[in-house]
file model.cif (mmCIF, C-alpha atoms)
data_coords
loop_
_atom_site.group_PDB
_atom_site.id
_atom_site.type_symbol
_atom_site.label_atom_id
_atom_site.label_comp_id
_atom_site.auth_asym_id
_atom_site.auth_seq_id
_atom_site.Cartn_x
_atom_site.Cartn_y
_atom_site.Cartn_z
ATOM 1 C CA MET A 557 8.276 -14.872 -23.179
ATOM 2 C CA GLU A 558 9.611 -12.951 -20.168
ATOM 3 C CA ASN A 559 9.048 -9.632 -21.932
ATOM 4 C CA ASN A 560 5.414 -10.595 -22.526
ATOM 5 C CA ILE A 561 4.991 -11.369 -18.831
ATOM 6 C CA ILE A 562 6.466 -7.974 -17.930
ATOM 7 C CA LYS A 563 4.091 -6.213 -20.337
ATOM 8 C CA ASP A 564 1.097 -8.154 -18.957
ATOM 9 C CA MET A 565 2.077 -7.219 -15.425
ATOM 10 C CA LEU A 566 2.411 -3.570 -16.421
ATOM 11 C CA GLU A 567 -1.091 -3.727 -17.933
ATOM 12 C CA SER A 568 -2.460 -5.119 -14.662
ATOM 13 C CA VAL A 569 -0.776 -2.398 -12.623
ATOM 14 C CA SER A 570 -2.001 0.322 -14.959
ATOM 15 C CA ASP A 571 -5.571 -1.057 -14.923
ATOM 16 C CA THR A 572 -5.494 -1.107 -11.123
ATOM 17 C CA ALA A 573 -4.191 2.479 -11.144
ATOM 18 C CA VAL A 574 -7.124 3.544 -13.344
ATOM 19 C CA PHE A 575 -9.573 1.898 -10.922
ATOM 20 C CA PHE A 576 -7.837 3.502 -7.915
ATOM 21 C CA LEU A 577 -7.821 6.986 -9.460
ATOM 22 C CA LYS A 578 -11.352 6.825 -10.850
ATOM 23 C CA ASN A 579 -13.292 4.903 -8.206
ATOM 24 C CA ASP A 580 -11.376 5.481 -4.980
ATOM 25 C CA MET A 581 -9.988 8.978 -5.580
ATOM 26 C CA GLN A 582 -12.833 10.328 -7.770
ATOM 27 C CA ILE A 583 -10.430 11.645 -10.416
ATOM 28 C CA GLU A 584 -11.517 11.873 -14.045
ATOM 29 C CA ILE A 585 -9.534 9.735 -16.495
ATOM 30 C CA LEU A 586 -9.005 11.502 -19.839
ATOM 31 C CA LYS A 587 -6.832 9.033 -21.727
ATOM 32 C CA GLU A 588 -5.129 5.704 -21.043
ATOM 33 C CA ASN A 589 -3.157 5.103 -24.225
ATOM 34 C CA GLY A 590 -1.353 6.852 -27.038
ATOM 35 C CA ILE A 591 -0.361 9.929 -25.089
ATOM 36 C CA GLN A 592 1.857 12.115 -27.274
ATOM 37 C CA ASP A 593 3.476 14.431 -24.738
ATOM 38 C CA PHE A 594 5.088 11.755 -22.564
ATOM 39 C CA GLU A 595 6.441 13.329 -19.403
ATOM 40 C CA ILE A 596 7.358 11.646 -16.146
ATOM 41 C CA GLY A 597 5.832 13.115 -13.003
ATOM 42 C CA GLU A 598 8.213 14.301 -10.311
ATOM 43 C CA HIS A 599 6.896 12.151 -7.458
ATOM 44 C CA ILE A 600 8.335 8.640 -7.829
ATOM 45 C CA SER A 601 8.247 5.500 -5.730
ATOM 46 C CA ALA A 602 8.748 1.787 -6.410
ATOM 47 C CA VAL A 603 8.328 -1.725 -5.030
ATOM 48 C CA CYS A 604 10.102 -4.939 -5.902
ATOM 49 C CA PHE A 605 8.310 -8.147 -6.867
ATOM 50 C CA SER A 606 10.377 -11.217 -5.966
ATOM 51 C CA GLY A 607 9.841 -14.851 -6.891
ATOM 52 C CA LYS A 608 10.068 -16.718 -10.161
ATOM 53 C CA ILE A 609 10.646 -13.332 -11.773
ATOM 54 C CA ASN A 610 12.278 -10.352 -10.034
ATOM 55 C CA LEU A 611 10.905 -7.018 -11.154
ATOM 56 C CA ILE A 612 10.746 -3.409 -10.092
ATOM 57 C CA CYS A 613 7.378 -1.694 -10.384
ATOM 58 C CA ALA A 614 7.504 2.107 -10.133
ATOM 59 C CA VAL A 615 4.969 4.910 -10.399
ATOM 60 C CA ALA A 616 5.541 8.587 -11.232
ATOM 61 C CA ILE A 617 2.868 11.130 -10.378
ATOM 62 C CA ASP A 618 2.448 14.797 -11.376
ATOM 63 C CA GLY A 619 2.499 17.267 -8.482
ATOM 64 C CA LYS A 620 -1.029 18.570 -9.140
ATOM 65 C CA LEU A 621 -2.424 15.037 -9.370
ATOM 66 C CA LEU A 622 -0.656 14.036 -6.152
ATOM 67 C CA LYS A 623 -2.261 16.979 -4.322
ATOM 68 C CA SER A 624 -5.694 15.976 -5.655
ATOM 69 C CA ILE A 625 -5.189 12.396 -4.468
ATOM 70 C CA TYR A 626 -4.017 13.717 -1.089
ATOM 71 C CA LYS A 627 -7.245 15.707 -0.596
ATOM 72 C CA VAL A 628 -9.336 12.536 -0.957
ATOM 73 C CA PHE A 629 -6.889 10.154 0.693
ATOM 74 C CA PHE A 630 -6.409 12.323 3.757
ATOM 75 C CA PRO A 631 -9.314 14.794 4.140
ATOM 76 C CA TYR A 632 -8.161 16.215 7.482
ATOM 77 C CA HIS A 633 -6.639 19.519 8.482
ATOM 78 C CA LEU A 634 -2.963 19.450 9.403
ATOM 79 C CA SER A 635 -0.257 22.091 9.771
ATOM 80 C CA PRO A 636 1.582 22.910 6.479
ATOM 81 C CA LYS A 637 4.677 21.124 7.821
ATOM 82 C CA GLU A 638 2.728 17.944 8.613
ATOM 83 C CA SER A 639 0.889 18.103 5.263
ATOM 84 C CA ASN A 640 4.191 18.331 3.388
ATOM 85 C CA GLU A 641 5.513 15.277 5.232
ATOM 86 C CA MET A 642 2.357 13.345 4.331
ATOM 87 C CA LEU A 643 2.589 14.431 0.689
ATOM 88 C CA LYS A 644 6.189 13.188 0.484
ATOM 89 C CA GLU A 645 5.096 9.790 1.762
ATOM 90 C CA LEU A 646 1.986 9.505 -0.403
ATOM 91 C CA PRO A 647 3.649 8.164 -3.624
ATOM 92 C CA SER A 648 5.018 5.233 -1.601
ATOM 93 C CA GLU A 649 1.555 4.456 -0.292
ATOM 94 C CA ILE A 650 0.086 4.730 -3.795
ATOM 95 C CA VAL A 651 2.602 2.305 -5.340
ATOM 96 C CA ASN A 652 2.020 -0.009 -2.389
ATOM 97 C CA ILE A 653 -1.734 -0.036 -3.014
ATOM 98 C CA VAL A 654 -1.670 -0.208 -6.819
ATOM 99 C CA ALA A 655 1.090 -2.838 -7.084
ATOM 100 C CA GLY A 656 -0.247 -4.829 -4.132
ATOM 101 C CA LEU A 657 -3.772 -5.047 -5.497
ATOM 102 C CA SER A 658 -2.382 -6.075 -8.908
ATOM 103 C CA ILE A 659 -0.570 -9.176 -7.642
ATOM 104 C CA SER A 660 -3.696 -11.349 -7.717
ATOM 105 C CA LYS A 661 -4.226 -10.464 -11.386
ATOM 106 C CA PHE A 662 -0.793 -11.610 -12.534
ATOM 107 C CA SER A 663 -0.783 -14.716 -14.672
ATOM 108 C CA ASP A 664 0.195 -18.159 -13.413
ATOM 109 C CA ASP A 665 3.467 -17.743 -15.331
ATOM 110 C CA CYS A 666 4.729 -15.464 -12.544
ATOM 111 C CA GLY A 667 4.279 -18.031 -9.765
ATOM 112 C CA GLU A 668 4.079 -16.858 -6.177
ATOM 113 C CA LEU A 669 5.428 -13.337 -5.741
ATOM 114 C CA THR A 670 6.293 -11.337 -2.642
ATOM 115 C CA MET A 671 6.307 -7.548 -2.593
ATOM 116 C CA SER A 672 8.877 -5.359 -0.820
ATOM 117 C CA PRO A 673 8.096 -2.189 1.135
ATOM 118 C CA PRO A 674 8.270 0.927 -1.115
ATOM 119 C CA PHE A 675 11.621 2.589 -1.937
ATOM 120 C CA MET A 676 12.985 5.381 -4.121
ATOM 121 C CA VAL A 677 14.300 5.024 -7.668
ATOM 122 C CA ASP A 678 16.050 7.662 -9.730
ATOM 123 C CA LYS A 679 13.981 9.375 -12.426
ATOM 124 C CA ASN A 680 16.769 8.845 -15.014
ATOM 125 C CA LEU A 681 16.564 5.102 -14.505
ATOM 126 C CA LEU A 682 12.946 5.174 -15.671
ATOM 127 C CA LEU A 683 13.991 6.744 -18.983
ATOM 128 C CA SER A 684 16.038 3.671 -19.969
ATOM 129 C CA SER A 685 14.921 1.895 -23.134
ATOM 130 C CA SER A 686 14.509 -1.455 -21.351
ATOM 131 C CA VAL A 687 11.937 -0.010 -18.972
ATOM 132 C CA VAL A 688 8.369 -0.488 -20.167
ATOM 133 C CA SER A 689 5.814 2.114 -19.149
ATOM 134 C CA LYS A 690 2.194 3.067 -19.475
ATOM 135 C CA GLN A 691 0.779 6.503 -18.891
ATOM 136 C CA ILE A 692 -2.667 7.575 -17.738
ATOM 137 C CA LYS A 693 -3.787 11.123 -18.387
ATOM 138 C CA THR A 694 -6.251 12.495 -15.834
ATOM 139 C CA SER A 695 -7.955 15.858 -15.436
ATOM 140 C CA LYS A 696 -5.346 16.658 -12.747
ATOM 141 C CA GLY A 697 -2.159 15.418 -14.439
ATOM 142 C CA THR A 698 -0.406 12.241 -15.506
ATOM 143 C CA PHE A 699 0.200 8.972 -13.689
ATOM 144 C CA THR A 700 2.820 6.661 -15.179
ATOM 145 C CA SER A 701 3.444 3.021 -14.290
ATOM 146 C CA PHE A 702 6.821 1.389 -15.028
ATOM 147 C CA MET A 703 8.071 -2.190 -14.966
ATOM 148 C CA PHE A 704 11.589 -3.534 -15.416
ATOM 149 C CA LYS A 705 13.848 -6.409 -14.433
ATOM 150 C CA LYS A 706 15.570 -5.920 -11.102
ATOM 151 C CA ASP A 707 18.857 -7.608 -12.058
ATOM 152 C CA SER A 708 19.838 -5.061 -14.692
ATOM 153 C CA TYR A 709 19.563 -2.137 -12.301
ATOM 154 C CA ALA A 710 20.260 -3.637 -8.881
ATOM 155 C CA ASN A 711 23.238 -1.363 -8.195
ATOM 156 C CA LYS A 712 21.373 1.795 -9.201
ATOM 157 C CA ILE A 713 18.415 1.397 -6.882
ATOM 158 C CA LYS A 714 18.553 3.481 -3.705
ATOM 159 C CA MET B 156 -16.117 1.756 21.599
ATOM 160 C CA TYR B 157 -12.637 0.258 21.801
ATOM 161 C CA ASN B 158 -9.038 1.019 22.736
ATOM 162 C CA ILE B 159 -7.063 0.400 19.568
ATOM 163 C CA MET B 160 -3.353 0.062 18.746
ATOM 164 C CA ILE B 161 -2.256 0.958 15.194
ATOM 165 C CA VAL B 162 0.739 -0.825 13.649
ATOM 166 C CA ASP B 163 2.026 0.535 10.329
ATOM 167 C CA ASP B 164 5.391 1.764 9.038
ATOM 168 C CA SER B 165 3.711 4.508 7.002
ATOM 169 C CA THR B 166 3.064 7.824 8.777
ATOM 170 C CA ILE B 167 0.220 8.697 6.416
ATOM 171 C CA ILE B 168 -1.550 5.393 7.054
ATOM 172 C CA ARG B 169 -1.106 5.671 10.834
ATOM 173 C CA LYS B 170 -2.510 9.210 10.742
ATOM 174 C CA THR B 171 -5.378 8.188 8.416
ATOM 175 C CA LEU B 172 -6.307 5.281 10.675
ATOM 176 C CA GLN B 173 -6.083 7.458 13.785
ATOM 177 C CA MET B 174 -8.383 10.133 12.311
ATOM 178 C CA LYS B 175 -10.917 7.627 10.990
ATOM 179 C CA LEU B 176 -10.974 5.508 14.165
ATOM 180 C CA GLU B 177 -11.409 8.604 16.356
ATOM 181 C CA GLU B 178 -14.221 9.822 14.100
ATOM 182 C CA LEU B 179 -15.901 6.457 14.688
ATOM 183 C CA GLY B 180 -15.617 7.035 18.447
ATOM 184 C CA HIS B 181 -12.701 4.736 19.239
ATOM 185 C CA THR B 182 -9.569 5.668 21.195
ATOM 186 C CA VAL B 183 -6.139 5.145 19.673
ATOM 187 C CA VAL B 184 -4.072 4.108 22.692
ATOM 188 C CA ALA B 185 -0.783 3.322 20.950
ATOM 189 C CA GLN B 186 0.969 3.390 17.587
ATOM 190 C CA ALA B 187 3.873 1.215 16.429
ATOM 191 C CA LYS B 188 6.038 1.576 13.321
ATOM 192 C CA SER B 189 7.152 -2.053 13.011
ATOM 193 C CA GLY B 190 6.099 -5.544 13.949
ATOM 194 C CA ARG B 191 8.837 -5.718 16.564
ATOM 195 C CA GLU B 192 7.661 -2.490 18.226
ATOM 196 C CA ALA B 193 4.091 -3.822 18.173
ATOM 197 C CA VAL B 194 5.058 -7.031 19.974
ATOM 198 C CA THR B 195 6.786 -5.011 22.733
ATOM 199 C CA LEU B 196 3.973 -2.461 23.041
ATOM 200 C CA TYR B 197 1.119 -4.977 23.036
ATOM 201 C CA GLY B 198 2.008 -6.462 26.442
ATOM 202 C CA LYS B 199 2.334 -3.025 28.010
ATOM 203 C CA ILE B 200 -0.883 -1.547 26.601
ATOM 204 C CA LEU B 201 -3.145 -4.622 26.201
ATOM 205 C CA PRO B 202 -5.446 -2.886 23.692
ATOM 206 C CA ASP B 203 -8.917 -4.199 22.858
ATOM 207 C CA LEU B 204 -7.972 -4.381 19.192
ATOM 208 C CA VAL B 205 -4.949 -4.014 16.890
ATOM 209 C CA THR B 206 -4.835 -2.904 13.254
ATOM 210 C CA MET B 207 -1.700 -4.503 11.774
ATOM 211 C CA ASP B 208 -0.086 -3.720 8.414
ATOM 212 C CA ILE B 209 1.261 -6.833 6.662
ATOM 213 C CA THR B 210 4.193 -5.407 4.672
ATOM 214 C CA MET B 211 6.632 -3.713 7.048
ATOM 215 C CA PRO B 212 10.427 -3.675 7.333
ATOM 216 C CA ILE B 213 12.258 -5.214 10.333
ATOM 217 C CA MET B 214 9.382 -7.546 11.256
ATOM 218 C CA ASN B 215 6.324 -7.951 9.037
ATOM 219 C CA GLY B 216 2.737 -8.002 10.270
ATOM 220 C CA ILE B 217 2.247 -11.760 10.022
ATOM 221 C CA GLU B 218 5.343 -12.504 12.128
ATOM 222 C CA ALA B 219 4.193 -9.931 14.718
ATOM 223 C CA LEU B 220 0.671 -11.409 14.701
ATOM 224 C CA LYS B 221 2.052 -14.892 15.390
ATOM 225 C CA LEU B 222 4.230 -13.647 18.266
ATOM 226 C CA ILE B 223 1.416 -11.666 19.894
ATOM 227 C CA LYS B 224 -1.047 -14.569 19.549
ATOM 228 C CA LYS B 225 1.535 -16.941 21.073
ATOM 229 C CA SER B 226 1.566 -14.939 24.307
ATOM 230 C CA TYR B 227 -1.984 -13.520 24.184
ATOM 231 C CA LYS B 228 -4.273 -16.032 22.501
ATOM 232 C CA ASP B 229 -7.314 -13.759 22.870
ATOM 233 C CA ALA B 230 -5.629 -10.839 21.090
ATOM 234 C CA LYS B 231 -7.915 -9.334 18.456
ATOM 235 C CA ILE B 232 -5.950 -8.315 15.388
ATOM 236 C CA ILE B 233 -7.218 -7.004 12.053
ATOM 237 C CA MET B 234 -4.710 -7.045 9.189
ATOM 238 C CA ILE B 235 -4.418 -4.026 6.896
ATOM 239 C CA THR B 236 -3.051 -4.847 3.479
ATOM 240 C CA SER B 237 -2.771 -3.755 -0.103
ATOM 241 C CA HIS B 238 -1.974 -7.340 -1.095
ATOM 242 C CA GLY B 239 -4.544 -8.870 -3.373
ATOM 243 C CA GLU B 240 -2.746 -12.187 -2.966
ATOM 244 C CA GLU B 241 -5.120 -14.597 -1.264
ATOM 245 C CA LYS B 242 -2.373 -16.839 0.144
ATOM 246 C CA LEU B 243 -0.943 -14.038 2.276
ATOM 247 C CA VAL B 244 -4.353 -13.116 3.683
ATOM 248 C CA MET B 245 -5.135 -16.798 4.329
ATOM 249 C CA ASP B 246 -1.825 -17.169 6.167
ATOM 250 C CA ALA B 247 -2.816 -14.238 8.410
ATOM 251 C CA ILE B 248 -6.294 -15.654 9.090
ATOM 252 C CA LEU B 249 -4.894 -19.136 9.814
ATOM 253 C CA SER B 250 -2.413 -17.505 12.194
ATOM 254 C CA GLY B 251 -5.255 -15.974 14.196
ATOM 255 C CA ALA B 252 -6.128 -12.649 12.547
ATOM 256 C CA LYS B 253 -9.785 -11.732 13.092
ATOM 257 C CA GLY B 254 -10.152 -10.181 9.661
ATOM 258 C CA TYR B 255 -8.507 -7.953 7.098
ATOM 259 C CA ILE B 256 -9.019 -4.654 5.341
ATOM 260 C CA LEU B 257 -7.836 -4.048 1.786
ATOM 261 C CA LYS B 258 -6.387 -0.579 1.186
ATOM 262 C CA PRO B 259 -7.419 2.134 0.512
ATOM 263 C CA ILE B 260 -8.888 2.406 4.001
ATOM 264 C CA THR B 261 -12.403 3.788 4.386
ATOM 265 C CA GLU B 262 -14.575 4.304 7.474
ATOM 266 C CA GLU B 263 -17.049 1.798 6.037
ATOM 267 C CA LYS B 264 -14.388 -0.926 5.734
ATOM 268 C CA LEU B 265 -13.137 -0.173 9.269
ATOM 269 C CA THR B 266 -16.640 -0.278 10.751
ATOM 270 C CA LYS B 267 -17.469 -3.596 9.061
ATOM 271 C CA ALA B 268 -14.180 -5.207 10.118
ATOM 272 C CA ILE B 269 -14.526 -4.072 13.757
ATOM 273 C CA GLU B 270 -18.176 -5.166 13.926
ATOM 274 C CA LYS B 271 -17.185 -8.573 12.563
ATOM 275 C CA VAL B 272 -14.552 -8.996 15.304
ATOM 276 C CA TYR B 273 -17.131 -8.290 18.002
ATOM 277 C CA GLY B 274 -19.859 -10.322 16.323
ATOM 278 C CA LYS B 275 -22.224 -7.436 15.606
#

call {"tool": "encode", "arguments": {"input": "model.cif", "output": "C-alpha cells"}}
result
Amino acid sequence: MENNIIKDMLESVSDTAVFFLKNDMQIEILKENGIQDFEIGEHISAVCFSGKINLICAVAIDGKLLKSIYKVFFPYHLSPKESNEMLKELPSEIVNIVAGLSISKFSDDCGELTMSPPFMVDKNLLLSSSVVSKQIKTSKGTFTSFMFKKDSYANKIK
Amino acid sequence: MYNIMIVDDSTIIRKTLQMKLEELGHTVVAQAKSGREAVTLYGKILPDLVTMDITMPIMNGIEALKLIKKSYKDAKIIMITSHGEEKLVMDAILSGAKGYILKPITEEKLTKAIEKVYGK
C-alpha cells in the first residue's frame, strides 16, 4: 500500500517535471520511460515531505541540461563568478518548484503534507535498491526524480 | 511604480525578482533572506509592497506575514510559492496576503499580481 503511494507520488513529481521542462523552460522532451542507459546527473537536491507519510523527494540533473534551464530561468548577464553561484543554487530551486507544485496532485491517502526547504543528498544514496526513480530524457540531457522513505536514511542525509 | 522589498532565502530567486521588477520599472529598496530579517527590515524601510517566499528556514513567510500585518495592518504583501497546496495559500490570504504568485516567476505573473494589489 505504502509502496504504491510512493510510486504514485513519484509519477506526479515526474509529470510536473515534464511540464516544467517543456512548457516553462522550452526544452524538448525525447523520452519519459524505458530509458536504457540510466545515469544520474551530477546536480542533486532534495526536499522532505512530512505528514502521514515522511518521504524524501530528490532530483538529479545533467550539467548540460542545468545550463539550458539556467538560460531560460535567469536570462540576465552576470559575472562568471555570480553565474556559477546561481548555477549551484538552481537544482534546489528546481526541486522546490517541481515537488511543491506536485503536492496538490498527491492522493488523499497522503493526507496533509508539509515540504521542507531544499537540502543536499549524497548521490550514492540514490543508487539504493529501495529508492524508486523515474528518468526523463531531454534534448539537453537527463532529469531524474527519486522518492524514498525518510526513516531508512535519516542519518545519511546532510 | 513602487518601492518593493524582496524576501526569499534563495539567492537566485532574489536576483530573478530584482531583475524582473526593475525591468517593470519598480525599485527594489531592500532584500531579506528570512522571515525574521523581513520583520526587522519592514519597519525601517516601510516599502510600498513586499514579495514574500512561503518556505524559508528560521521563520517562514506566513509567520513573517502575520507579524508584519500585526504591526502594520496596511502592509501589502504578495506571497511567492511553489506550493500547489491550496490550504497553505488560503492560510496566507486569510492572514492578510494581497495575493500570491506560483513559481516559476514570470514578468506577466508579477505584473498581474501587482496590478491586483493596487486595483488596476

call {"tool": "closest_residue", "arguments": {"input": "model.cif", "among": "B:Asn158, B:Thr171, B:Gln186, B:Thr195", "to": "chain A", "atoms": "only C-alpha atoms"}}
result
B:Thr171

call {"tool": "atom_distance", "arguments": {"input": "model.cif", "atom1": "CA of Asp571 in chain A", "atom2": "CA of Lys175 in chain B"}}
result
27.8 Å

call {"tool": "residues_around", "arguments": {"input": "model.cif", "residues": "range 239-249 of chain B", "least_positions_apart": "2", "cutoff": "8 Å", "atoms": "all atoms listed in the file", "output": "list in words"}}
result
Gly656, Leu657, Ser658, Ile659 and Ser660 of chain A; Ile217, Leu220, Met234, Ser237, Gly251, Ala252, Lys253, Gly254, Tyr255 and Leu257 of chain B

call {"tool": "resolve_selection", "arguments": {"input": "model.cif", "expression": "the PyMOL selection byres ((chain A and resi 583) around 12)", "output": "PyMOL selection string"}}
result
chain A and resi 573-582+584-586+620-629+692-699

call {"tool": "residues_around", "arguments": {"input": "model.cif", "residues": "range 562-569 of chain A", "least_positions_apart": "4", "cutoff": "12 Å", "atoms": "all atoms listed in the file", "output": "ChimeraX atom specification"}}
result
/A:557-558,573-576,588-589,603,605,609-615,650-666,669,686-692,699-706 /B:239

call {"tool": "closest_residue", "arguments": {"input": "model.cif", "among": "A:Gly667, A:Pro647, A:Pro673, A:Gly607", "to": "chain B", "atoms": "all atoms listed in the file"}}
result
A:Pro673

call {"tool": "resolve_selection", "arguments": {"input": "model.cif", "expression": "the PyMOL selection byres ((chain B) within 9 of (chain A))", "output": "list in words"}}
result
Ser165, Thr166, Ile167, Ile168, Lys170, Thr171, Met174, Thr210, Met211, Pro212, Thr236, Ser237, His238, Gly239, Glu240, Glu241, Leu257, Lys258, Pro259 and Ile260 of chain B

call {"tool": "atom_distance", "arguments": {"input": "model.cif", "atom1": "CA of Leu222 in chain B", "atom2": "CA of Leu176 in chain B"}}
result
24.8 Å

call {"tool": "resolve_selection", "arguments": {"input": "model.cif", "expression": "the PyMOL selection byres ((chain B and resi 191) around 12)", "output": "JSON, numbers by chain"}}
result
{"B": [162, 163, 164, 187, 188, 189, 190, 192, 193, 194, 195, 196, 197, 207, 211, 212, 213, 214, 215, 216, 217, 218, 219, 220, 221, 222, 223]}

call {"tool": "write_last_selection", "arguments": {"input": "model.cif", "atoms": "C-alpha atoms", "output": "PDB file, keeping the file's coordinate frame"}}
result
ATOM      1  CA  VAL B 162       0.739  -0.825  13.649  1.00  0.00           C
ATOM      2  CA  ASP B 163       2.026   0.535  10.329  1.00  0.00           C
ATOM      3  CA  ASP B 164       5.391   1.764   9.038  1.00  0.00           C
ATOM      4  CA  ALA B 187       3.873   1.215  16.429  1.00  0.00           C
ATOM      5  CA  LYS B 188       6.038   1.576  13.321  1.00  0.00           C
ATOM      6  CA  SER B 189       7.152  -2.053  13.011  1.00  0.00           C
ATOM      7  CA  GLY B 190       6.099  -5.544  13.949  1.00  0.00           C
ATOM      8  CA  GLU B 192       7.661  -2.490  18.226  1.00  0.00           C
ATOM      9  CA  ALA B 193       4.091  -3.822  18.173  1.00  0.00           C
ATOM     10  CA  VAL B 194       5.058  -7.031  19.974  1.00  0.00           C
ATOM     11  CA  THR B 195       6.786  -5.011  22.733  1.00  0.00           C
ATOM     12  CA  LEU B 196       3.973  -2.461  23.041  1.00  0.00           C
ATOM     13  CA  TYR B 197       1.119  -4.977  23.036  1.00  0.00           C
ATOM     14  CA  MET B 207      -1.700  -4.503  11.774  1.00  0.00           C
ATOM     15  CA  MET B 211       6.632  -3.713   7.048  1.00  0.00           C
ATOM     16  CA  PRO B 212      10.427  -3.675   7.333  1.00  0.00           C
ATOM     17  CA  ILE B 213      12.258  -5.214  10.333  1.00  0.00           C
ATOM     18  CA  MET B 214       9.382  -7.546  11.256  1.00  0.00           C
ATOM     19  CA  ASN B 215       6.324  -7.951   9.037  1.00  0.00           C
ATOM     20  CA  GLY B 216       2.737  -8.002  10.270  1.00  0.00           C
ATOM     21  CA  ILE B 217       2.247 -11.760  10.022  1.00  0.00           C
ATOM     22  CA  GLU B 218       5.343 -12.504  12.128  1.00  0.00           C
ATOM     23  CA  ALA B 219       4.193  -9.931  14.718  1.00  0.00           C
ATOM     24  CA  LEU B 220       0.671 -11.409  14.701  1.00  0.00           C
ATOM     25  CA  LYS B 221       2.052 -14.892  15.390  1.00  0.00           C
ATOM     26  CA  LEU B 222       4.230 -13.647  18.266  1.00  0.00           C
ATOM     27  CA  ILE B 223       1.416 -11.666  19.894  1.00  0.00           C
TER      28      ILE B 223
END
